[in-house]
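Visitor: To start, I am sharing the structure in question, which I have written as structure tokens.
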Number of protein chains: 2
Amino acid sequence: MADSLPSWNDGPAKGAITAFVNATTDPNSKDFVREEDRIATFDQDGTLWVEHPMYTQLAFALSRLAELAPQHPEWKTSEPFKSALAGDLAAFAKFTMADLETLVAASHAGMTTDQFHAIVRDWIAKATHPRWKRPYTDLVYQPMLEVMQYLRANGFKTYIVTGGGQAFVRAYAERVYATPPEHVIGSSLETTFAYDADGKAVLMRPAKLLLYNDLAGKPEDIYLFLGRAPLAAFGNSTGDQQMLEYTQAPGGVRLMALVLHDDPEREYAYGPEAGQADTKFGAFTQALYDRATSKGWVVVSMKRDWKRIFSFD
Amino acid sequence: MADSLPSWNDGPAKGAITAFVNATTDPNSKDFVREEDRIATFDQDGTLWVEHPMYTQLAFALSRLAELAPQHPEWKTSEPFKSALAGDLAAFAKFTMADLETLVAASHAGMTTDQFHAIVRDWIAKATHPRWKRPYTDLVYQPMLEVMQYLRANGFKTYIVTGGGQAFVRAYAERVYATPPEHVIGSSLETTFAYDADGKAVLMRPAKLLLYNDLAGKPEDIYLFLGRAPLAAFGNSTGDQQMLEYTQAPGGVRLMALVLHDDPEREYAYGPEAGQADTKFGAFTQALYDRATSKGWVVVSMKRDWKRIFSFD
């Protein structure tokens, strides 16, 4: 039989994934789950693609602010714009949620949904990662793409559940992850129905947050969109902890997995061994590692478990 | 070839539906749409099932309030509870949105999502319609079930987009419409992630509205859930007007349809000929009829177009 996960080394992580799929999809298994309820959710940043040195969407926001700055001379002297335009990552780490909402409002709102989609699509086609000098969309983890494909081939629906912007991720998710827009759940601005000059229906994006899809927001929004817990969930930080707890809550055979960044040569190392402290978006802390161990969650070591990281490796 | 719509009389409505499906699914058609983008949305109350003499969900709320009333003696003398407990439909029609939110809070909130699901499932299994003395779930329109099945057989995904409660409709949608929970978009309360006494993850339902999925809320929430306009949309009132406008906006071959209640013998008659005025939830007014005509929307006459109304006819 062909190996569905060729970029994975044999070991406990790969074994746990294949054992889970066999147990839930074999009609003779006592843990068989009908196809309708086979749902798997995936965090994006740090789980499906590189999130260092900054979230791709933050790079987008900074690029967009730089583009708009000439029309806003006041940004040169007022925070959080001043630090954002200077690309000051240390300042960014200290931004409050209100600061971030201000930056999102300036860079992501005040246009139609179609206009925003076109802006993201054009940016992501051209922007490149500072380390690999390749499009950000090349920096998806090949082993995780294989997990998504393997699950879909076994009747699962695969959803991206991201703290990032839903409209941002949907602009490239089908091309990059083979995931249609309705299978992307993320942080969302409200939209407002309106008519354009020709009387045609459009949706505007006001600067007003509707869903903050991180931490507890992940299970809340999974319920809003899907009406039930997933059967499997993949994350990489405390921002995903509640999603994994919600996945595990109904009992039975379920798969909860965390990607551990412990490979400074091929990618980055910023897990508990690197002494990472928690951040407002989550982090892979020692406490999360201990929780994973005590709850039977799978910890995927990039260094140990992944034969290759990217499709171009 | 077998007739996919056996409960429909031949005529312009049936013809428009089959012509739309042929045009968008025949690979040799210039209007062919790939399967991924074949999305159809259906209003529920008055479009898929009977909405008179009152919305089924209102009957549920009243029944639930009656059940809880002994614990709330103050409801006997304070509005909107007093009128609700008296089943005063005239008073109900005059309730403000704030009144309705008060009633929803008392009857739909303050429990876990699993508890609410069980309450609805038990209620809908027993409750019967006052006119037909049958379960409400028997009172779905057979011709509309056939349209949903016909579309699905042709690669469409069928979504219910209801002004009613998302969690309420999801409790029976799979059984009644063959529609999984994630294909139901409706008005929604917020949920709050919490832990129960055993430390297990649960979602609570606080009395706080998150999505009001009627009127402009329909296209806004379709975009939130699906990221794009449907290819076909069915409604029956001004509450669906914006959904139909959003469906039509991208241009090309699309199907917009309104069910007209003009059959007082077999169901009810409350369209423009009955001089219906608009309500806060929408109505089939003369203005809507004129708009449908001018925009090329299909008006489905229950009397003329439907050979039978219910599966038990």
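Each chain in the structure tokens gets a letter, A, B, ..., in the order shown, and its residues are numbered from 1; ligands are numbered from 1 in order too.
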Write out, as JSON lines, each residue of chain B that has an atom at most 9 Å from chain A, together with the closest pair of atoms and their distance in Å to one decimal, counting only C-alpha atoms, rows going by chain and rising number.
Guide:
{"residue": "B:Glu36", "atom": "CA", "partner": "A:Pro180", "partner_atom": "CA", "distance": 7.6}
{"residue": "B:Thr113", "atom": "CA", "partner": "A:Tyr223", "partner_atom": "CA", "distance": 8.9}
{"residue": "B:Gln166", "atom": "CA", "partner": "A:Leu224", "partner_atom": "CA", "distance": 8.5}
{"residue": "B:Ala167", "atom": "CA", "partner": "A:Gly227", "partner_atom": "CA", "distance": 7.5}
{"residue": "B:Arg170", "atom": "CA", "partner": "A:Gly227", "partner_atom": "CA", "distance": 7.5}
{"residue": "B:Pro180", "atom": "CA", "partner": "A:Glu36", "partner_atom": "CA", "distance": 7.6}
{"residue": "B:Pro181", "atom": "CA", "partner": "A:Gly227", "partner_atom": "CA", "distance": 5.6}
{"residue": "B:Glu182", "atom": "CA", "partner": "A:Leu226", "partner_atom": "CA", "distance": 4.3}
{"residue": "B:His183", "atom": "CA", "partner": "A:Leu226", "partner_atom": "CA", "distance": 8.0}
{"residue": "B:Val184", "atom": "CA", "partner": "A:Phe225", "partner_atom": "CA", "distance": 8.6}
{"residue": "B:Ile185", "atom": "CA", "partner": "A:Phe225", "partner_atom": "CA", "distance": 8.0}
{"residue": "B:Ser188", "atom": "CA", "partner": "A:Leu224", "partner_atom": "CA", "distance": 7.8}
{"residue": "B:Glu190", "atom": "CA", "partner": "A:Glu220", "partner_atom": "CA", "distance": 8.0}
{"residue": "B:Thr191", "atom": "CA", "partner": "A:Glu220", "partner_atom": "CA", "distance": 5.9}
{"residue": "B:Thr192", "atom": "CA", "partner": "A:Glu220", "partner_atom": "CA", "distance": 6.6}
{"residue": "B:Phe193", "atom": "CA", "partner": "A:Ala216", "partner_atom": "CA", "distance": 5.7}
{"residue": "B:Ala194", "atom": "CA", "partner": "A:Ala216", "partner_atom": "CA", "distance": 8.5}
{"residue": "B:Lys200", "atom": "CA", "partner": "A:Ala249", "partner_atom": "CA", "distance": 5.8}
{"residue": "B:Ala201", "atom": "CA", "partner": "A:Tyr246", "partner_atom": "CA", "distance": 5.3}
{"residue": "B:Val202", "atom": "CA", "partner": "A:Tyr246", "partner_atom": "CA", "distance": 7.1}
{"residue": "B:Leu203", "atom": "CA", "partner": "A:Glu220", "partner_atom": "CA", "distance": 7.1}
{"residue": "B:Leu210", "atom": "CA", "partner": "A:Leu210", "partner_atom": "CA", "distance": 8.4}
{"residue": "B:Ala216", "atom": "CA", "partner": "A:Phe193", "partner_atom": "CA", "distance": 5.8}
{"residue": "B:Gly217", "atom": "CA", "partner": "A:Phe193", "partner_atom": "CA", "distance": 7.8}
{"residue": "B:Pro219", "atom": "CA", "partner": "A:Phe193", "partner_atom": "CA", "distance": 7.1}
{"residue": "B:Glu220", "atom": "CA", "partner": "A:Thr191", "partner_atom": "CA", "distance": 5.9}
{"residue": "B:Asp221", "atom": "CA", "partner": "A:Thr191", "partner_atom": "CA", "distance": 8.5}
{"residue": "B:Tyr223", "atom": "CA", "partner": "A:Thr191", "partner_atom": "CA", "distance": 8.3}
{"residue": "B:Leu224", "atom": "CA", "partner": "A:Ser188", "partner_atom": "CA", "distance": 7.8}
{"residue": "B:Phe225", "atom": "CA", "partner": "A:Glu182", "partner_atom": "CA", "distance": 5.8}
{"residue": "B:Leu226", "atom": "CA", "partner": "A:Glu182", "partner_atom": "CA", "distance": 4.3}
{"residue": "B:Gly227", "atom": "CA", "partner": "A:Pro181", "partner_atom": "CA", "distance": 5.6}
{"residue": "B:Arg228", "atom": "CA", "partner": "A:Pro181", "partner_atom": "CA", "distance": 8.0}
{"residue": "B:Gln242", "atom": "CA", "partner": "A:Ala201", "partner_atom": "CA", "distance": 7.8}
{"residue": "B:Glu245", "atom": "CA", "partner": "A:Ala201", "partner_atom": "CA", "distance": 6.0}
{"residue": "B:Tyr246", "atom": "CA", "partner": "A:Ala201", "partner_atom": "CA", "distance": 5.4}
{"residue": "B:Thr247", "atom": "CA", "partner": "A:Ala201", "partner_atom": "CA", "distance": 8.7}
{"residue": "B:Gln248", "atom": "CA", "partner": "A:Ala201", "partner_atom": "CA", "distance": 8.3}
{"residue": "B:Ala249", "atom": "CA", "partner": "A:Ala201", "partner_atom": "CA", "distance": 5.7}
{"residue": "B:Pro250", "atom": "CA", "partner": "A:Lys200", "partner_atom": "CA", "distance": 8.8}
Visitor: Got time to write the residues from that selection, C-alpha atoms, as a compact mmCIF listing (two decimals), in the first residue's frame?
Guide:
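Output below, filename again.txt:
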# COMPACT_ATOMS: atom_id res chain seq x y z
CA GLU B 36 -17.16 23.91 -6.02
CA THR B 113 -25.23 24.08 23.76
CA GLN B 166 -29.37 28.47 13.95
CA ALA B 167 -29.12 26.08 16.92
CA ARG B 170 -29.79 22.46 13.35
CA PRO B 180 -25.93 18.72 8.03
CA PRO B 181 -25.49 21.31 10.82
CA GLU B 182 -22.76 23.20 8.95
CA HIS B 183 -25.21 23.86 6.11
CA VAL B 184 -27.58 25.79 8.39
CA ILE B 185 -26.94 29.52 8.79
CA SER B 188 -27.26 33.05 16.66
CA GLU B 190 -22.96 34.10 21.36
CA THR B 191 -21.45 31.10 23.09
CA THR B 192 -18.88 31.15 25.90
CA PHE B 193 -16.23 28.49 26.37
CA ALA B 194 -16.13 27.10 29.92
CA LYS B 200 -14.54 19.09 30.57
CA ALA B 201 -14.86 21.76 27.89
CA VAL B 202 -18.42 23.02 27.32
CA LEU B 203 -20.03 25.95 25.52
CA LEU B 210 -24.34 37.58 17.86
CA ALA B 216 -29.42 42.53 5.23
CA GLY B 217 -28.14 40.01 7.79
CA PRO B 219 -26.14 38.25 2.69
CA GLU B 220 -23.78 39.43 5.45
CA ASP B 221 -23.87 36.01 7.12
CA TYR B 223 -20.46 35.99 3.16
CA LEU B 224 -19.27 35.25 6.72
CA PHE B 225 -19.92 31.53 6.33
CA LEU B 226 -19.30 30.94 2.63
CA GLY B 227 -17.12 33.81 1.39
CA ARG B 228 -19.14 34.37 -1.77
CA GLN B 242 -31.25 41.31 0.14
CA GLU B 245 -30.09 40.79 -4.60
CA TYR B 246 -26.72 39.50 -3.37
CA THR B 247 -27.24 36.28 -5.33
CA GLN B 248 -27.96 38.22 -8.50
CA ALA B 249 -25.16 40.79 -8.13
CA PRO B 250 -22.25 38.87 -9.73
Visitor: So that I can see what lies close to range 60-71 of chain A, please list as an MDAnalysis selection string the residues with an atom at most 7 Å from it, counting only C-alpha atoms and leaving out residues fewer than 2 positions away in the same chain.
Guide: chainID A and resid 56:58 73 75 84:85 107
Visitor: Between B:Thr96, B:Thr47, B:Ser29, B:Asn213, single out the one closest to Val300 in chain B, counting only C-alpha atoms.
Guide: B:Thr47
Visitor: For a test of reading the model, state the distance in Å between CA of Pro264 in chain B and CA of Lys303 in chain B, rounded to one decimal.
Guide: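 Distance reported for this atom pair: 8.7 Å.
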Visitor: Can you work out which one of B:Leu48, B:Ala257, B:Ala118, B:Ala98 has the shortest atom-to-atom distance to Val161 in chain B, counting only C-alpha atoms?
Guide: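 Ranked by minimum distance to Val161 in chain B, first place goes to B:Leu48.
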Visitor: Would you list the contacts of Met148 in chain A as a PyMOL selection string, taking every protein, DNA or RNA residue within 9 Å and counting only C-alpha atoms, but skipping same-chain residues closer than 5 positions in sequence?
Guide: chain A and resi 40+42+143+153+156-158+177
Visitor: Considering only C-alpha atoms, state which residue in the set B:Met144, B:His108, B:Lys295, B:Gln44 is at the smallest distance from Lys14 in chain B.
Guide: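 When distances to Lys14 in chain B are compared using only C-alpha atoms, the smallest one comes from B:Met144.
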Visitor: CA of Leu255 in chain B and CA of Val298 in chain B, how far apart in Å?
Guide: 7.7 Å
Visitor: Among the residues of range 6-174 of chain B, find those DSSP assigns to alpha helix (DSSP H) from the backbone and print them as a PyMOL selection string.
Guide: chain B and resi 12-25+56-68+81-85+89-94+97-108+113-126+142-153+166-174
Visitor: Once you have the residues from the selection above, write them out as a PDB file, in the first residue's frame, restricted to C-alpha atoms.
Guide:
ATOM      1  CA  PRO B  12     -42.778  28.759 -15.975  1.00  0.00           C
ATOM      2  CA  ALA B  13     -41.508  28.114 -12.415  1.00  0.00           C
ATOM      3  CA  LYS B  14     -40.578  24.467 -12.947  1.00  0.00           C
ATOM      4  CA  GLY B  15     -39.180  25.389 -16.354  1.00  0.00           C
ATOM      5  CA  ALA B  16     -36.981  28.127 -14.911  1.00  0.00           C
ATOM      6  CA  ILE B  17     -35.537  25.779 -12.272  1.00  0.00           C
ATOM      7  CA  THR B  18     -34.668  22.994 -14.694  1.00  0.00           C
ATOM      8  CA  ALA B  19     -33.306  25.451 -17.294  1.00  0.00           C
ATOM      9  CA  PHE B  20     -31.052  26.966 -14.605  1.00  0.00           C
ATOM     10  CA  VAL B  21     -29.698  23.562 -13.546  1.00  0.00           C
ATOM     11  CA  ASN B  22     -29.091  22.497 -17.134  1.00  0.00           C
ATOM     12  CA  ALA B  23     -27.308  25.751 -18.006  1.00  0.00           C
ATOM     13  CA  THR B  24     -24.968  25.679 -14.994  1.00  0.00           C
ATOM     14  CA  THR B  25     -24.124  21.955 -14.885  1.00  0.00           C
ATOM     15  CA  THR B  56     -42.642  27.076  14.772  1.00  0.00           C
ATOM     16  CA  GLN B  57     -39.827  28.521  16.844  1.00  0.00           C
ATOM     17  CA  LEU B  58     -42.253  30.969  18.446  1.00  0.00           C
ATOM     18  CA  ALA B  59     -44.472  28.031  19.385  1.00  0.00           C
ATOM     19  CA  PHE B  60     -41.375  26.458  20.942  1.00  0.00           C
ATOM     20  CA  ALA B  61     -40.551  29.642  22.867  1.00  0.00           C
ATOM     21  CA  LEU B  62     -44.109  29.959  24.178  1.00  0.00           C
ATOM     22  CA  SER B  63     -44.167  26.318  25.238  1.00  0.00           C
ATOM     23  CA  ARG B  64     -40.829  26.714  26.974  1.00  0.00           C
ATOM     24  CA  LEU B  65     -41.937  29.918  28.743  1.00  0.00           C
ATOM     25  CA  ALA B  66     -45.083  28.132  29.967  1.00  0.00           C
ATOM     26  CA  GLU B  67     -42.874  25.379  31.328  1.00  0.00           C
ATOM     27  CA  LEU B  68     -40.615  27.860  33.143  1.00  0.00           C
ATOM     28  CA  PHE B  81     -44.026  37.760  29.308  1.00  0.00           C
ATOM     29  CA  LYS B  82     -47.669  38.387  30.147  1.00  0.00           C
ATOM     30  CA  SER B  83     -48.744  38.550  26.486  1.00  0.00           C
ATOM     31  CA  ALA B  84     -46.434  35.709  25.509  1.00  0.00           C
ATOM     32  CA  LEU B  85     -47.861  33.398  28.175  1.00  0.00           C
ATOM     33  CA  LEU B  89     -50.572  36.875  18.692  1.00  0.00           C
ATOM     34  CA  ALA B  90     -51.771  40.438  18.161  1.00  0.00           C
ATOM     35  CA  ALA B  91     -49.506  41.601  20.973  1.00  0.00           C
ATOM     36  CA  PHE B  92     -46.662  39.531  19.529  1.00  0.00           C
ATOM     37  CA  ALA B  93     -46.916  41.320  16.198  1.00  0.00           C
ATOM     38  CA  LYS B  94     -46.317  44.591  18.024  1.00  0.00           C
ATOM     39  CA  MET B  97     -36.862  43.676  18.855  1.00  0.00           C
ATOM     40  CA  ALA B  98     -35.937  44.322  22.504  1.00  0.00           C
ATOM     41  CA  ASP B  99     -39.101  42.470  23.630  1.00  0.00           C
ATOM     42  CA  LEU B 100     -38.198  39.544  21.400  1.00  0.00           C
ATOM     43  CA  GLU B 101     -34.649  39.467  22.721  1.00  0.00           C
ATOM     44  CA  THR B 102     -36.069  39.336  26.259  1.00  0.00           C
ATOM     45  CA  LEU B 103     -38.224  36.331  25.340  1.00  0.00           C
ATOM     46  CA  VAL B 104     -35.365  34.589  23.562  1.00  0.00           C
ATOM     47  CA  ALA B 105     -33.116  35.186  26.554  1.00  0.00           C
ATOM     48  CA  ALA B 106     -35.649  33.596  28.894  1.00  0.00           C
ATOM     49  CA  SER B 107     -36.452  30.616  26.651  1.00  0.00           C
ATOM     50  CA  HIS B 108     -33.258  29.907  24.673  1.00  0.00           C
ATOM     51  CA  THR B 113     -25.229  24.080  23.757  1.00  0.00           C
ATOM     52  CA  ASP B 114     -25.771  20.342  24.326  1.00  0.00           C
ATOM     53  CA  GLN B 115     -28.628  20.991  26.777  1.00  0.00           C
ATOM     54  CA  PHE B 116     -30.364  23.338  24.348  1.00  0.00           C
ATOM     55  CA  HIS B 117     -30.001  20.833  21.524  1.00  0.00           C
ATOM     56  CA  ALA B 118     -31.651  18.119  23.643  1.00  0.00           C
ATOM     57  CA  ILE B 119     -34.537  20.416  24.660  1.00  0.00           C
ATOM     58  CA  VAL B 120     -35.313  21.321  21.034  1.00  0.00           C
ATOM     59  CA  ARG B 121     -34.990  17.738  19.835  1.00  0.00           C
ATOM     60  CA  ASP B 122     -37.425  16.512  22.500  1.00  0.00           C
ATOM     61  CA  TRP B 123     -39.901  19.327  21.890  1.00  0.00           C
ATOM     62  CA  ILE B 124     -40.002  19.019  18.104  1.00  0.00           C
ATOM     63  CA  ALA B 125     -40.528  15.241  18.347  1.00  0.00           C
ATOM     64  CA  LYS B 126     -43.794  15.834  20.247  1.00  0.00           C
ATOM     65  CA  GLN B 142     -42.659  18.371  -0.732  1.00  0.00           C
ATOM     66  CA  PRO B 143     -41.921  20.412  -3.912  1.00  0.00           C
ATOM     67  CA  MET B 144     -39.127  22.268  -2.104  1.00  0.00           C
ATOM     68  CA  LEU B 145     -37.599  19.058  -0.745  1.00  0.00           C
ATOM     69  CA  GLU B 146     -37.529  17.885  -4.346  1.00  0.00           C
ATOM     70  CA  VAL B 147     -35.725  21.067  -5.428  1.00  0.00           C
ATOM     71  CA  MET B 148     -33.098  20.550  -2.696  1.00  0.00           C
ATOM     72  CA  GLN B 149     -32.608  16.906  -3.705  1.00  0.00           C
ATOM     73  CA  TYR B 150     -32.505  17.802  -7.403  1.00  0.00           C
ATOM     74  CA  LEU B 151     -29.850  20.457  -6.814  1.00  0.00           C
ATOM     75  CA  ARG B 152     -27.743  18.149  -4.634  1.00  0.00           C
ATOM     76  CA  ALA B 153     -27.974  15.400  -7.264  1.00  0.00           C
ATOM     77  CA  GLN B 166     -29.369  28.475  13.950  1.00  0.00           C
ATOM     78  CA  ALA B 167     -29.118  26.081  16.920  1.00  0.00           C
ATOM     79  CA  PHE B 168     -32.883  25.499  16.833  1.00  0.00           C
ATOM     80  CA  VAL B 169     -32.969  24.549  13.147  1.00  0.00           C
ATOM     81  CA  ARG B 170     -29.789  22.461  13.347  1.00  0.00           C
ATOM     82  CA  ALA B 171     -31.470  20.236  15.963  1.00  0.00           C
ATOM     83  CA  TYR B 172     -33.731  18.713  13.257  1.00  0.00           C
ATOM     84  CA  ALA B 173     -32.311  19.857   9.882  1.00  0.00           C
ATOM     85  CA  GLU B 174     -30.433  16.674   9.095  1.00  0.00           C
TER      86      GLU B 174
END
Visitor: Would you please give, as a list in words, all residues of range 26-98 of chain A that DSSP assigns to strand (DSSP E or B) based on the backbone?
Guide: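 Filtering range 26-98 of chain A to strand (DSSP E or B) leaves Ile39, Ala40, Thr41, Phe42, Asp45 and Trp49 of chain A.
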Visitor: Go ahead and dump the residues you just picked, all heavy atoms, as an mmCIF file, in the first residue's frame.
Guide:
data_model
loop_
_atom_site.group_PDB
_atom_site.id
_atom_site.type_symbol
_atom_site.label_atom_id
_atom_site.label_comp_id
_atom_site.auth_asym_id
_atom_site.auth_seq_id
_atom_site.Cartn_x
_atom_site.Cartn_y
_atom_site.Cartn_z
ATOM 1 N N ILE A 39 -14.671 15.467 10.825
ATOM 2 C CA ILE A 39 -14.262 16.860 10.677
ATOM 3 C C ILE A 39 -12.912 17.036 11.349
ATOM 4 O O ILE A 39 -12.721 16.598 12.482
ATOM 5 C CB ILE A 39 -15.305 17.789 11.318
ATOM 6 C CG1 ILE A 39 -16.604 17.770 10.500
ATOM 7 C CG2 ILE A 39 -14.779 19.214 11.454
ATOM 8 C CD1 ILE A 39 -17.738 18.529 11.141
ATOM 9 N N ALA A 40 -11.971 17.634 10.644
ATOM 10 C CA ALA A 40 -10.656 17.931 11.224
ATOM 11 C C ALA A 40 -10.389 19.424 11.084
ATOM 12 O O ALA A 40 -10.686 20.014 10.035
ATOM 13 C CB ALA A 40 -9.573 17.132 10.515
ATOM 14 N N THR A 41 -9.849 20.040 12.132
ATOM 15 C CA THR A 41 -9.571 21.473 12.111
ATOM 16 C C THR A 41 -8.065 21.712 12.268
ATOM 17 O O THR A 41 -7.390 21.009 13.025
ATOM 18 C CB THR A 41 -10.329 22.209 13.232
ATOM 19 O OG1 THR A 41 -10.007 21.620 14.494
ATOM 20 C CG2 THR A 41 -11.827 22.121 13.018
ATOM 21 N N PHE A 42 -7.585 22.711 11.571
ATOM 22 C CA PHE A 42 -6.158 23.034 11.555
ATOM 23 C C PHE A 42 -5.947 24.521 11.819
ATOM 24 O O PHE A 42 -6.469 25.353 11.071
ATOM 25 C CB PHE A 42 -5.544 22.711 10.179
ATOM 26 C CG PHE A 42 -5.574 21.264 9.821
ATOM 27 C CD1 PHE A 42 -6.727 20.694 9.299
ATOM 28 C CD2 PHE A 42 -4.462 20.465 10.013
ATOM 29 C CE1 PHE A 42 -6.757 19.345 8.963
ATOM 30 C CE2 PHE A 42 -4.487 19.123 9.678
ATOM 31 C CZ PHE A 42 -5.636 18.561 9.159
ATOM 32 N N ASP A 45 -1.122 29.542 11.314
ATOM 33 C CA ASP A 45 0.219 30.090 11.542
ATOM 34 C C ASP A 45 1.006 29.224 12.518
ATOM 35 O O ASP A 45 0.631 29.070 13.676
ATOM 36 C CB ASP A 45 0.116 31.532 12.061
ATOM 37 C CG ASP A 45 -0.482 32.465 11.027
ATOM 38 O OD1 ASP A 45 0.092 32.569 9.933
ATOM 39 O OD2 ASP A 45 -1.535 33.072 11.300
ATOM 40 N N TRP A 49 1.912 26.651 8.148
ATOM 41 C CA TRP A 49 3.011 27.366 7.475
ATOM 42 C C TRP A 49 3.782 28.186 8.489
ATOM 43 O O TRP A 49 3.373 28.308 9.640
ATOM 44 C CB TRP A 49 2.502 28.189 6.285
ATOM 45 C CG TRP A 49 1.724 29.458 6.585
ATOM 46 C CD1 TRP A 49 1.321 29.933 7.805
ATOM 47 C CD2 TRP A 49 1.295 30.421 5.611
ATOM 48 N NE1 TRP A 49 0.650 31.111 7.667
ATOM 49 C CE2 TRP A 49 0.622 31.442 6.320
ATOM 50 C CE3 TRP A 49 1.403 30.531 4.230
ATOM 51 C CZ2 TRP A 49 0.056 32.548 5.678
ATOM 52 C CZ3 TRP A 49 0.843 31.633 3.611
ATOM 53 C CH2 TRP A 49 0.174 32.610 4.317
#
Visitor: Residues near Thr285 in chain A, anyone? I mean within 8 Å using only C-alpha atoms, not counting same-chain ones fewer than 3 positions away, as JSON, numbers by chain.
Guide: {"A": [237, 238, 271, 272, 275, 276, 277, 278, 288, 289]}
Visitor: Put those residues in a file: N, CA and C atoms, as a tab-separated table (two decimals), in the first residue's frame.
Guide:
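Everything below was put into result-v9.tsv:
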chain	number	residue	atom	x	y	z
A	237	SER	N	0.07	26.00	19.72
A	237	SER	CA	0.30	26.96	20.80
A	237	SER	C	-0.88	26.99	21.77
A	238	THR	N	-0.72	27.76	22.84
A	238	THR	CA	-1.82	27.93	23.80
A	238	THR	C	-3.03	28.60	23.14
A	271	GLY	N	10.04	26.49	21.05
A	271	GLY	CA	9.18	25.77	21.98
A	271	GLY	C	9.64	25.94	23.41
A	272	PRO	N	9.17	25.05	24.29
A	272	PRO	CA	9.51	25.16	25.71
A	272	PRO	C	11.02	25.06	25.96
A	275	GLY	N	12.48	28.11	26.08
A	275	GLY	CA	11.99	28.93	27.20
A	275	GLY	C	10.97	29.97	26.80
A	276	GLN	N	10.15	29.64	25.81
A	276	GLN	CA	9.20	30.64	25.30
A	276	GLN	C	8.14	30.99	26.36
A	277	ALA	N	7.95	32.27	26.56
A	277	ALA	CA	6.87	32.73	27.45
A	277	ALA	C	5.59	32.86	26.63
A	278	ASP	N	4.47	32.84	27.31
A	278	ASP	CA	3.19	32.97	26.60
A	278	ASP	C	3.05	34.39	26.06
A	288	LEU	N	1.98	24.06	28.41
A	288	LEU	CA	1.22	23.42	27.33
A	288	LEU	C	1.79	22.03	27.03
A	289	TYR	N	3.11	21.93	27.07
A	289	TYR	CA	3.75	20.63	26.84
A	289	TYR	C	3.30	19.62	27.91
Visitor: Could you tell me how far CA of Val140 in chain B sits from CA of Gly46 in chain B, in Å to one decimal place?
Guide: 9.3 Å
